[in-house]
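**Student:** One file: run31.txt (compact mmCIF, C-alpha atoms).
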# COMPACT_ATOMS: atom_id res chain seq x y z
CA MET C 38 -186.39 -130.56 -72.58
CA ALA C 39 -185.26 -126.93 -72.61
CA HIS C 40 -188.49 -125.82 -74.31
CA VAL C 41 -190.67 -127.50 -71.69
CA LEU C 42 -188.60 -126.22 -68.76
CA GLY C 43 -188.57 -122.68 -70.16
CA TYR C 44 -192.32 -122.64 -70.68
CA HIS C 45 -193.08 -124.01 -67.23
CA ALA C 46 -190.63 -121.62 -65.52
CA SER C 47 -192.09 -118.60 -67.29
CA ARG C 48 -195.50 -119.29 -65.76
CA ASP C 49 -194.08 -119.07 -62.24
CA PHE C 50 -191.80 -116.09 -62.79
CA VAL C 51 -194.44 -113.63 -61.62
CA PRO C 52 -193.16 -111.00 -59.15
CA LEU C 53 -196.76 -110.11 -58.25
CA TYR C 54 -197.07 -113.46 -56.43
CA ALA C 55 -195.02 -112.10 -53.55
CA VAL C 56 -196.92 -108.85 -53.03
CA TYR C 57 -200.43 -109.02 -54.49
CA ALA C 58 -202.07 -109.33 -51.06
CA LEU C 59 -200.18 -106.20 -49.99
CA LEU C 60 -201.36 -104.43 -53.14
CA PHE C 61 -204.97 -105.22 -52.28
CA ALA C 62 -204.59 -103.98 -48.71
CA ASP C 63 -202.86 -100.78 -49.80
CA ARG C 64 -205.73 -100.04 -52.16
CA GLY C 65 -208.27 -100.20 -49.33
CA ILE C 66 -209.43 -103.81 -49.70
CA GLY C 67 -210.26 -105.18 -46.23
CA ALA C 68 -209.39 -108.59 -44.84
CA ALA C 69 -212.91 -109.98 -45.42
CA GLN C 70 -212.93 -108.73 -49.01
CA ILE C 71 -209.50 -110.28 -49.65
CA SER C 72 -210.93 -113.62 -48.48
CA VAL C 73 -213.80 -113.16 -50.95
CA LEU C 74 -211.27 -112.54 -53.71
CA PHE C 75 -209.52 -115.81 -52.88
CA LEU C 76 -212.89 -117.54 -52.99
CA VAL C 77 -213.61 -116.08 -56.44
CA TRP C 78 -210.21 -117.36 -57.59
CA SER C 79 -210.77 -120.85 -56.21
CA LEU C 80 -214.33 -121.20 -57.48
CA THR C 81 -213.35 -120.09 -60.99
CA GLY C 82 -210.73 -122.81 -61.20
CA PHE C 83 -213.16 -125.31 -59.67
CA VAL C 84 -215.89 -124.62 -62.23
CA CYS C 85 -213.57 -124.47 -65.25
CA GLU C 86 -211.24 -127.39 -64.42
CA VAL C 87 -213.00 -130.34 -66.08
CA PRO C 88 -214.63 -128.42 -68.98
CA SER C 89 -211.21 -127.02 -69.91
CA GLY C 90 -209.79 -130.55 -69.90
CA ALA C 91 -212.38 -131.56 -72.47
CA TRP C 92 -211.40 -128.51 -74.55
CA ALA C 93 -207.80 -129.78 -74.49
CA ASP C 94 -208.97 -133.14 -75.83
CA THR C 95 -211.00 -131.44 -78.57
CA TYR C 96 -208.92 -128.51 -79.79
CA ASP C 97 -205.25 -127.71 -80.36
CA ARG C 98 -203.56 -128.05 -76.97
CA ARG C 99 -200.65 -125.80 -77.86
CA ARG C 100 -203.03 -123.03 -78.85
CA LEU C 101 -204.90 -123.45 -75.57
CA LEU C 102 -201.62 -122.85 -73.73
CA VAL C 103 -201.14 -119.67 -75.74
CA VAL C 104 -204.69 -118.57 -74.91
CA SER C 105 -204.02 -119.34 -71.26
CA ALA C 106 -200.99 -117.04 -71.26
CA ALA C 107 -203.01 -114.27 -72.89
CA VAL C 108 -205.76 -114.59 -70.26
CA TYR C 109 -203.03 -114.57 -67.58
CA ALA C 110 -201.66 -111.29 -68.95
CA VAL C 111 -205.14 -109.74 -69.10
CA GLY C 112 -205.75 -110.63 -65.46
CA PHE C 113 -202.58 -108.93 -64.23
CA SER C 114 -203.24 -105.94 -66.51
CA LEU C 115 -206.64 -105.51 -64.89
CA TRP C 116 -204.92 -105.33 -61.51
CA MET C 117 -202.73 -102.52 -62.77
CA LEU C 118 -205.45 -100.55 -64.57
CA TRP C 119 -208.53 -101.12 -62.38
CA GLN C 120 -207.46 -101.18 -58.75
CA THR C 121 -210.83 -101.67 -57.10
CA PHE C 122 -212.52 -104.74 -55.64
CA THR C 123 -214.27 -105.37 -58.97
CA GLY C 124 -211.04 -105.06 -60.95
CA PHE C 125 -209.18 -107.37 -58.61
CA ALA C 126 -212.05 -109.89 -58.72
CA LEU C 127 -212.04 -109.92 -62.53
CA GLY C 128 -208.29 -110.38 -62.46
CA PHE C 129 -208.73 -113.45 -60.27
CA VAL C 130 -211.38 -114.80 -62.66
CA CYS C 131 -208.80 -114.52 -65.44
CA TRP C 132 -206.16 -116.19 -63.28
CA GLY C 133 -208.48 -119.05 -62.34
CA LEU C 134 -209.49 -119.60 -65.98
CA SER C 135 -205.86 -119.46 -67.11
CA SER C 136 -204.83 -122.07 -64.54
CA ALA C 137 -207.71 -124.34 -65.57
CA LEU C 138 -206.66 -124.09 -69.22
CA VAL C 139 -203.12 -125.20 -68.33
CA SER C 140 -204.14 -127.94 -65.87
CA GLY C 141 -204.41 -131.22 -67.72
CA THR C 142 -203.49 -129.62 -71.04
CA PHE C 143 -199.77 -129.29 -70.33
CA GLU C 144 -199.34 -132.75 -68.82
CA SER C 145 -201.30 -134.44 -71.61
CA LEU C 146 -199.42 -132.56 -74.32
CA VAL C 147 -196.05 -133.58 -72.89
CA TYR C 148 -197.06 -137.20 -72.24
CA ASP C 149 -198.59 -137.76 -75.69
CA GLU C 150 -195.60 -136.14 -77.38
CA LEU C 151 -193.19 -138.43 -75.53
CA VAL C 152 -195.34 -141.43 -76.52
CA GLU C 153 -195.22 -140.24 -80.13
CA ARG C 154 -191.41 -140.06 -79.94
CA GLY C 155 -191.09 -143.44 -78.23
CA GLU C 156 -189.75 -141.76 -75.09
CA ARG C 157 -192.64 -142.41 -72.71
CA GLY C 158 -190.34 -143.56 -69.91
CA ASP C 159 -188.82 -140.09 -69.68
CA TYR C 160 -192.08 -138.46 -68.57
CA PRO C 161 -191.47 -138.61 -64.79
CA ARG C 162 -187.98 -137.12 -65.15
CA LEU C 163 -189.15 -134.38 -67.49
CA ILE C 164 -192.22 -133.38 -65.48
CA GLY C 165 -190.17 -133.49 -62.28
CA TRP C 166 -187.55 -131.13 -63.67
CA ALA C 167 -190.32 -128.88 -65.00
CA GLN C 168 -191.83 -128.59 -61.52
CA SER C 169 -188.41 -128.02 -59.97
CA THR C 170 -187.56 -125.29 -62.47
CA ALA C 171 -190.89 -123.62 -61.74
CA MET C 172 -190.05 -123.55 -58.03
CA LEU C 173 -186.69 -121.92 -58.73
CA ALA C 174 -188.40 -119.38 -60.99
CA ASN C 175 -190.82 -118.64 -58.15
CA LEU C 176 -187.89 -117.96 -55.81
CA ALA C 177 -186.25 -115.68 -58.37
CA ALA C 178 -189.52 -113.80 -58.93
CA THR C 179 -189.91 -113.27 -55.18
CA ALA C 180 -186.41 -111.80 -54.97
CA SER C 181 -187.02 -109.58 -58.01
CA ALA C 182 -190.22 -108.21 -56.46
CA ALA C 183 -188.21 -106.58 -53.68
CA LEU C 184 -185.95 -104.88 -56.24
CA LEU C 185 -188.83 -103.79 -58.48
CA LEU C 186 -190.67 -102.22 -55.55
CA HIS C 187 -187.69 -99.96 -55.04
CA VAL C 188 -187.62 -99.06 -58.75
CA ASP C 189 -191.25 -98.05 -59.31
CA GLY C 190 -193.46 -99.65 -56.66
CA TYR C 191 -196.36 -101.92 -57.55
CA ARG C 192 -196.45 -100.57 -61.11
CA ALA C 193 -193.04 -102.05 -61.92
CA VAL C 194 -193.91 -105.36 -60.24
CA GLY C 195 -197.22 -105.59 -62.10
CA TRP C 196 -196.08 -104.72 -65.59
CA VAL C 197 -193.04 -106.99 -65.39
CA SER C 198 -195.47 -109.79 -64.44
CA VAL C 199 -197.60 -108.94 -67.48
CA GLY C 200 -194.48 -109.03 -69.64
CA PHE C 201 -193.50 -112.50 -68.45
CA ALA C 202 -197.02 -113.71 -69.15
CA GLY C 203 -196.36 -112.58 -72.73
CA VAL C 204 -193.08 -114.50 -72.75
CA GLN C 205 -195.00 -117.55 -71.58
CA GLY C 206 -197.33 -117.23 -74.57
CA LEU C 207 -194.39 -117.02 -77.00
CA LEU C 208 -192.76 -120.10 -75.48
CA ALA C 209 -196.05 -122.00 -75.62
CA ALA C 210 -196.48 -121.13 -79.29
CA THR C 211 -193.04 -122.57 -80.12
CA LEU C 212 -193.24 -125.84 -78.18
CA PRO C 213 -191.90 -128.48 -80.63
CA VAL C 214 -194.79 -130.92 -80.51
CA SER C 215 -196.45 -133.05 -83.15
CA GLN C 216 -199.94 -132.59 -84.55
CA ARG C 217 -201.06 -135.81 -82.87
CA ALA C 218 -199.97 -134.71 -79.40
CA ARG C 219 -201.60 -131.32 -79.91
CA HIS C 220 -205.01 -132.82 -80.69
CA ALA C 221 -204.95 -136.25 -78.97
CA ALA C 222 -206.79 -137.47 -82.09
CA ASP C 223 -207.35 -136.38 -85.65
CA PRO C 224 -208.55 -132.76 -86.05
CA VAL C 225 -212.24 -132.30 -86.82
CA GLU C 226 -214.24 -129.86 -88.89
CA ALA C 227 -215.58 -126.81 -87.08
CA GLY C 228 -219.16 -128.05 -87.31
CA GLU C 229 -218.21 -131.27 -85.53
CA ALA C 230 -216.28 -129.60 -82.70
CA ALA C 231 -219.21 -129.25 -80.32
CA SER C 232 -220.26 -132.89 -80.64
CA ARG C 233 -216.69 -134.07 -80.24
CA TYR C 234 -216.27 -131.87 -77.16
CA LEU C 235 -219.23 -133.63 -75.54
CA ARG C 236 -217.85 -137.03 -76.54
CA MET C 237 -214.49 -136.23 -74.99
CA LEU C 238 -216.12 -134.91 -71.82
CA ARG C 239 -218.24 -138.06 -71.47
CA ALA C 240 -215.29 -140.33 -72.30
CA GLY C 241 -213.03 -138.69 -69.71
CA LEU C 242 -215.66 -138.78 -66.97
CA ALA C 243 -216.54 -142.38 -67.82
CA GLU C 244 -212.90 -143.52 -67.66
CA SER C 245 -212.47 -141.69 -64.34
CA ARG C 246 -215.40 -143.61 -62.86
CA ARG C 247 -215.13 -147.03 -64.47
CA HIS C 248 -211.46 -147.82 -65.09
CA PRO C 249 -210.27 -149.44 -61.82
CA ASP C 250 -206.64 -148.27 -61.95
CA VAL C 251 -207.57 -144.77 -63.09
CA ARG C 252 -210.21 -144.41 -60.39
CA ARG C 253 -207.81 -145.69 -57.74
CA VAL C 254 -204.96 -143.35 -58.74
CA LEU C 255 -207.32 -140.38 -58.99
CA LEU C 256 -208.39 -140.88 -55.39
CA LEU C 257 -204.91 -141.52 -54.06
CA ALA C 258 -203.13 -138.75 -56.01
CA SER C 259 -205.79 -136.15 -55.23
CA ALA C 260 -205.43 -136.88 -51.50
CA MET C 261 -201.64 -136.78 -51.73
CA VAL C 262 -201.64 -133.40 -53.50
CA GLY C 263 -204.58 -131.81 -51.69
CA LEU C 264 -203.14 -132.52 -48.26
CA THR C 265 -200.00 -130.53 -49.12
CA ALA C 266 -202.13 -127.38 -49.18
CA TYR C 267 -200.82 -126.53 -45.73
CA ASP C 268 -197.79 -124.90 -47.34
CA GLU C 269 -199.84 -121.70 -47.35
CA TYR C 270 -199.55 -121.73 -43.54
CA PHE C 271 -195.78 -122.15 -43.26
CA PRO C 272 -195.22 -118.38 -42.78
CA LEU C 273 -197.78 -118.41 -39.96
CA VAL C 274 -196.00 -121.36 -38.35
CA ALA C 275 -192.79 -119.32 -38.35
CA ARG C 276 -194.57 -116.32 -36.86
CA ALA C 277 -196.10 -118.52 -34.15
CA HIS C 278 -192.53 -119.41 -33.15
CA HIS C 279 -191.80 -115.67 -32.80
CA VAL C 280 -189.59 -115.45 -35.88
CA GLU C 281 -188.99 -111.89 -37.07
CA THR C 282 -190.97 -110.94 -40.18
CA THR C 283 -187.79 -110.24 -42.16
CA VAL C 284 -186.57 -113.79 -41.50
CA VAL C 285 -189.83 -115.54 -42.45
CA PRO C 286 -189.17 -115.42 -46.23
CA VAL C 287 -185.80 -117.12 -45.66
CA LEU C 288 -187.45 -119.99 -43.79
CA VAL C 289 -190.16 -120.29 -46.45
CA ALA C 290 -187.39 -120.37 -49.07
CA VAL C 291 -186.00 -123.44 -47.29
CA THR C 292 -189.30 -125.25 -47.87
CA VAL C 293 -189.41 -124.19 -51.53
CA THR C 294 -185.85 -125.43 -51.97
CA GLY C 295 -186.85 -128.78 -50.51
CA GLN C 296 -189.80 -128.86 -52.89
CA ALA C 297 -187.54 -128.10 -55.85
CA VAL C 298 -185.08 -130.87 -54.94
CA GLY C 299 -187.88 -133.37 -54.32
CA THR C 300 -189.56 -132.77 -57.66
CA ALA C 301 -186.22 -132.83 -59.50
CA LEU C 302 -185.65 -136.38 -58.23
CA THR C 303 -188.97 -137.71 -59.55
CA GLY C 304 -187.22 -139.45 -62.43
CA ARG C 305 -185.25 -141.54 -59.93
CA SER C 306 -188.26 -142.49 -57.80
CA ALA C 307 -190.73 -143.07 -60.65
CA ARG C 308 -190.27 -146.85 -60.59
CA LEU C 309 -190.58 -147.30 -56.84
CA ARG C 310 -193.01 -149.95 -55.68
CA ALA C 311 -196.21 -148.87 -53.99
CA GLY C 312 -194.84 -149.72 -50.54
CA ALA C 313 -191.79 -147.51 -51.07
CA VAL C 314 -193.93 -144.61 -52.31
CA GLY C 315 -196.17 -144.98 -49.27
CA ALA C 316 -193.12 -145.02 -46.98
CA LEU C 317 -191.77 -141.89 -48.69
CA LEU C 318 -195.08 -140.12 -48.19
CA GLY C 319 -195.37 -141.22 -44.57
CA ALA C 320 -191.80 -140.21 -43.70
CA GLY C 321 -192.32 -136.81 -45.29
CA ALA C 322 -195.50 -136.29 -43.27
CA VAL C 323 -193.67 -137.15 -40.02
CA LEU C 324 -190.83 -134.72 -40.77
CA VAL C 325 -193.23 -131.87 -41.54
CA SER C 326 -195.28 -132.56 -38.40
CA VAL C 327 -192.24 -132.70 -36.13
CA GLY C 328 -190.66 -129.69 -37.82
CA ALA C 329 -193.77 -127.59 -37.24
CA LEU C 330 -193.57 -128.20 -33.50
CA VAL C 331 -189.87 -127.77 -32.73
CA THR C 332 -187.58 -124.74 -32.74
CA PRO C 333 -188.15 -122.86 -36.01
CA TYR C 334 -184.70 -123.04 -37.60
CA ALA C 335 -184.03 -126.76 -37.23
CA GLY C 336 -187.77 -127.28 -37.60
CA PHE C 337 -187.92 -125.61 -41.00
CA VAL C 338 -185.02 -127.72 -42.22
CA ALA C 339 -187.10 -130.77 -41.28
CA ILE C 340 -190.14 -129.23 -42.97
CA GLY C 341 -188.09 -128.56 -46.11
CA VAL C 342 -186.83 -132.14 -46.31
CA GLY C 343 -190.26 -133.58 -45.53
CA TYR C 344 -192.01 -131.30 -47.98
CA GLY C 345 -189.59 -132.37 -50.69
CA MET C 346 -190.40 -136.01 -49.97
CA LEU C 347 -194.13 -135.28 -50.08
CA ASN C 348 -193.84 -133.52 -53.43
CA ASN C 349 -191.75 -136.34 -54.84
CA ALA C 350 -194.37 -138.92 -53.84
CA MET C 351 -197.09 -136.63 -55.16
CA LEU C 352 -195.51 -136.43 -58.62
CA VAL C 353 -194.99 -140.19 -58.69
CA GLY C 354 -198.72 -140.55 -58.10
CA GLU C 355 -199.52 -138.10 -60.89
CA THR C 356 -197.25 -139.92 -63.34
CA ARG C 357 -198.94 -143.23 -62.48
CA LEU C 358 -202.21 -141.62 -63.52
CA GLN C 359 -200.80 -140.79 -66.95
CA ASP C 360 -199.65 -144.40 -67.32
CA ALA C 361 -203.07 -145.71 -66.27
CA ILE C 362 -205.11 -143.66 -68.77
CA THR C 363 -205.97 -145.67 -71.86
CA GLY C 364 -208.81 -143.71 -73.46
CA PRO C 365 -208.69 -140.71 -75.83
CA ALA C 366 -209.61 -138.07 -73.21
CA ARG C 367 -206.29 -137.81 -71.37
CA ALA C 368 -206.58 -134.10 -70.57
CA THR C 369 -210.15 -134.52 -69.30
CA VAL C 370 -209.13 -137.28 -66.89
CA THR C 371 -206.14 -135.23 -65.73
CA SER C 372 -208.48 -132.31 -65.10
CA VAL C 373 -210.67 -134.56 -62.95
CA LEU C 374 -207.56 -135.02 -60.81
CA GLY C 375 -207.20 -131.24 -60.54
CA LEU C 376 -210.83 -130.94 -59.48
CA LEU C 377 -210.46 -133.59 -56.78
CA GLU C 378 -207.25 -131.98 -55.55
CA GLU C 379 -209.11 -128.69 -55.17
CA VAL C 380 -211.83 -130.41 -53.14
CA VAL C 381 -209.24 -131.86 -50.73
CA ALA C 382 -207.40 -128.54 -50.49
CA LEU C 383 -210.61 -126.67 -49.71
CA SER C 384 -211.29 -129.21 -46.96
CA VAL C 385 -207.85 -128.47 -45.52
CA TYR C 386 -208.52 -124.73 -45.57
CA ALA C 387 -211.89 -125.24 -43.87
CA ALA C 388 -210.31 -127.43 -41.18
CA PHE C 389 -207.67 -124.78 -40.50
CA ALA C 390 -210.31 -122.05 -40.36
CA LEU C 391 -212.31 -123.99 -37.77
CA GLY C 392 -209.34 -125.39 -35.86
CA SER C 393 -207.56 -122.05 -35.54
CA HIS C 394 -210.06 -121.10 -32.83
CA LEU C 395 -208.76 -123.95 -30.69
CA LEU C 396 -205.14 -124.57 -31.71
CA GLY C 397 -202.16 -122.67 -33.07
CA PHE C 398 -200.90 -123.10 -36.62
CA PRO C 399 -197.92 -125.31 -35.64
CA ALA C 400 -200.26 -127.80 -33.96
CA LEU C 401 -202.69 -127.73 -36.88
CA VAL C 402 -199.91 -128.41 -39.40
CA ALA C 403 -198.61 -131.22 -37.20
CA LEU C 404 -202.08 -132.79 -36.90
CA LEU C 405 -202.48 -132.85 -40.68
CA GLY C 406 -199.77 -135.49 -40.64
CA VAL C 407 -202.37 -137.95 -39.31
CA PRO C 408 -204.60 -138.07 -42.44
CA THR C 409 -201.47 -137.93 -44.59
CA ALA C 410 -200.13 -141.03 -42.81
CA ILE C 411 -203.46 -142.78 -43.44
CA VAL C 412 -203.21 -141.88 -47.14
CA ALA C 413 -199.63 -143.24 -47.10
CA LEU C 414 -200.94 -146.61 -45.93
CA ALA C 415 -203.52 -146.58 -48.71
CA VAL C 416 -200.84 -145.68 -51.27
CA ALA C 417 -198.64 -148.54 -50.06
CA ARG C 418 -201.50 -150.97 -50.59
CA TRP C 419 -203.31 -149.72 -53.70
CA LEU C 420 -201.05 -147.54 -55.88
CA PRO C 421 -200.58 -149.39 -59.20
CA ALA C 422 -197.06 -150.15 -60.37
CA ARG C 423 -195.63 -148.62 -63.53
CA ASP C 424 -196.20 -151.03 -66.38
CA ASP C 425 -193.27 -152.86 -67.88
CA VAL C 426 -193.58 -151.29 -71.33
CA VAL C 427 -192.20 -147.95 -70.14
CA GLY C 428 -188.68 -147.51 -71.46
CA VAL C 429 -185.69 -147.06 -69.20
CA VAL C 430 -185.11 -143.42 -68.32
CA GLY C 431 -182.06 -142.16 -70.12
CA ASP C 432 -182.22 -144.48 -73.15
CA SER C 433 -183.76 -141.69 -75.21
CA SER C 434 -182.30 -138.69 -73.45
CA ALA C 435 -180.94 -137.31 -76.69
CA GLY C 436 -184.45 -137.04 -78.10
CA VAL C 437 -185.86 -135.46 -74.98
CA SER C 438 -183.13 -132.84 -74.91
CA GLN C 439 -184.58 -131.47 -78.16
CA PHE C 440 -188.10 -131.19 -76.68
Kindly transcribe the structure held in the file into structure tokens.
**Tutor:**
Amino acid sequence: MAHVLGYHASRDFVPLYAVYALLFADRGIGAAQISVLFLVWSLTGFVCEVPSGAWADTYDRRRLLVVSAAVYAVGFSLWMLWQTFTGFALGFVCWGLSSALVSGTFESLVYDELVERGERGDYPRLIGWAQSTAMLANLAATASAALLLHVDGYRAVGWVSVGFAGVQGLLAATLPVSQRARHAADPVEAGEAASRYLRMLRAGLAESRRHPDVRRVLLLASAMVGLTAYDEYFPLVARAHHVETTVVPVLVAVTVTGQAVGTALTGRSARLRAGAVGALLGAGAVLVSVGALVTPYAGFVAIGVGYGMLNNAMLVGETRLQDAITGPARATVTSVLGLLEEVVALSVYAAFALGSHLLGFPALVALLGVPTAIVALAVARWLPARDDVVGVVGDSSAGVSQF
């Protein structure tokens, strides 16, 4: 477990996360150009998501994680060495490609390795702790950014971020996984790689469309995850309540803490029935909606608790997808989920962009609870149960602790 947690945490320990928008502005990049940069980032991930999943079903998954870390480091290095719109855009292309290489690859590698070890039932607990550790690493990176700015400005923040991308690559290279989990099938000769890539791509897309449980979970999980995209607006909710700028990070930290606790408890909620998962999702949506409207301090406590519940339900949905996949293209199917999540998230961003002309951010966040509640009803009715062959969490904890 320590290897997986360390790898996942290293990807989120990036001090640049907290200040990259400020870096752009201080280098003369205007608000409209910053929005274009975000679009470049999003579109890169959108285009590369499913093709990279097929790569993970064709080639060595552990090596792809190493390549992802290298691309990550190149992107941040570009931001340090080429501080123009073009340099920042290329850095975002690298970031988007790196994220696409990890998405689907990491989850499939972990799941197949646990299946290989006979520890499949531990997947929800392990992936939940991985997500929780990543959130804590994100908090630590945010705090370190403030210290690094005092040491040597953006240069210190940027190069430390590059260094941790290198650490991520080293941890990826040493993940203790079997040959079978790394390839999802037997390795092929170089001349056969292209044809196998196309077979994996077709197999993953076909299973996503035709397998009833897979198709159902893809739709439900993508809606559950995509609708949580409003976390980007939590700072603006605080500002709308006239919270001082210096206090906003503290309130945002409350929501991240709730997220970390919620994901850490995924192992406990993994076996909940569909109705209970739907109730968890619906209750979380209500808490976030109410919290966005009331006084900011008590409100953000409610948001933190609700957001933790939403993330817990979200991870339960994602683990049900792994259980539902039966074909050889696990990473490809998982990447289809990432693509659908991006579509839902982009819809949320578009709704906020249009609605902001009529309503404030607290009201918009509160209103997003309506579609989330509708999704909760669908989850309660259609989310498949975990199958009975999954082992009891904890029976093989000794084996997982070595992973």
**Student:** Could you list, as a count of residues only, every residue within 9 Å of Ser169 of chain C, counting only C-alpha atoms and ignoring same-chain residues fewer than 6 positions away?
**Tutor:** 10
**Student:** Which neighbours of Ala329 of chain C fall inside 12 Å, counting only C-alpha atoms, when residues of the same chain fewer than 3 positions from it are skipped, and could you give them as a ChimeraX atom specification?
**Tutor:** /C:267-268,270-278,288,292,322-326,332-341,343-344,397-406
**Student:** In Å to one decimal, how far is atom CA of Thr142 of chain C from atom CA of Ala368 of chain C?
**Tutor:**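 The value is 5.5 Å.
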**Student:** In Å, rounded to a single decimal, give me how far atom CA of Leu255 of chain C is from atom CA of Trp419 of chain C.
**Tutor:** 11.5 Å
**Student:** Choose the residue, out of C:Met346, C:Leu395, C:Ala183, C:Tyr148, that has the smallest atom-to-atom separation from Gly319 of chain C; count all atoms listed in the file.
**Tutor:**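 The shortest atom-to-atom distance to Gly319 of chain C comes from C:Met346.
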**Student:** So, counting all atoms listed in the file, which residue among C:Gln216, C:Ser135, C:Ser393, C:Gln168 is closest to Gly345 of chain C?
**Tutor:**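 For Gly345 of chain C, the nearest of the candidates is C:Gln168.
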**Student:** Quick one, how far is atom CA of Ala290 of chain C from atom CA of Ala350 of chain C?
**Tutor:**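 These two atoms are separated by 20.4 Å.
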**Student:** Which is closest to Tyr96 of chain C among C:Leu138, C:Val291, C:Phe129, C:Val342, if we use all atoms listed in the file?
**Tutor:**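 Once distances to Tyr96 of chain C are computed over all atoms listed in the file, the minimum belongs to C:Leu138.
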**Student:** Closest to Asp94 of chain C among C:Val370, C:Ala178, C:Val199, C:Ala260, using all atoms listed in the file?
**Tutor:** C:Val370
**Student:** Which residues come within 12 Å of Tyr57 of chain C, counting only C-alpha atoms, excluding same-chain residues fewer than 5 positions away, as a PDB file with C-alpha atoms, keeping the file's coordinate frame?
**Tutor:**
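Everything below was put into part34.pdb:
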ATOM      1  CA  VAL C  51    -194.440-113.630 -61.620  1.00  0.00           C
ATOM      2  CA  PRO C  52    -193.160-111.000 -59.150  1.00  0.00           C
ATOM      3  CA  ALA C  62    -204.590-103.980 -48.710  1.00  0.00           C
ATOM      4  CA  ASP C  63    -202.860-100.780 -49.800  1.00  0.00           C
ATOM      5  CA  ARG C  64    -205.730-100.040 -52.160  1.00  0.00           C
ATOM      6  CA  ILE C  66    -209.430-103.810 -49.700  1.00  0.00           C
ATOM      7  CA  ILE C  71    -209.500-110.280 -49.650  1.00  0.00           C
ATOM      8  CA  LEU C  74    -211.270-112.540 -53.710  1.00  0.00           C
ATOM      9  CA  PHE C  75    -209.520-115.810 -52.880  1.00  0.00           C
ATOM     10  CA  PHE C 113    -202.580-108.930 -64.230  1.00  0.00           C
ATOM     11  CA  TRP C 116    -204.920-105.330 -61.510  1.00  0.00           C
ATOM     12  CA  MET C 117    -202.730-102.520 -62.770  1.00  0.00           C
ATOM     13  CA  GLN C 120    -207.460-101.180 -58.750  1.00  0.00           C
ATOM     14  CA  PHE C 125    -209.180-107.370 -58.610  1.00  0.00           C
ATOM     15  CA  GLY C 128    -208.290-110.380 -62.460  1.00  0.00           C
ATOM     16  CA  PHE C 129    -208.730-113.450 -60.270  1.00  0.00           C
ATOM     17  CA  THR C 179    -189.910-113.270 -55.180  1.00  0.00           C
ATOM     18  CA  ALA C 182    -190.220-108.210 -56.460  1.00  0.00           C
ATOM     19  CA  LEU C 186    -190.670-102.220 -55.550  1.00  0.00           C
ATOM     20  CA  GLY C 190    -193.460 -99.650 -56.660  1.00  0.00           C
ATOM     21  CA  TYR C 191    -196.360-101.920 -57.550  1.00  0.00           C
ATOM     22  CA  ARG C 192    -196.450-100.570 -61.110  1.00  0.00           C
ATOM     23  CA  VAL C 194    -193.910-105.360 -60.240  1.00  0.00           C
ATOM     24  CA  GLY C 195    -197.220-105.590 -62.100  1.00  0.00           C
ATOM     25  CA  SER C 198    -195.470-109.790 -64.440  1.00  0.00           C
TER      26      SER C 198
END
**Student:** Tell me which of C:Met237, C:Val289, C:Ile411, C:Leu374 sits closest to Glu269 of chain C, counting all atoms listed in the file.
**Tutor:** C:Val289
**Student:** From the list C:Pro421, C:Gly155, C:Pro365, C:Gly206, which residue is nearest Arg310 of chain C when using all atoms listed in the file?
**Tutor:**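 Checking each of C:Pro421, C:Gly155, C:Pro365, C:Gly206 against Arg310 of chain C, counting all atoms listed in the file, the winner is C:Pro421.
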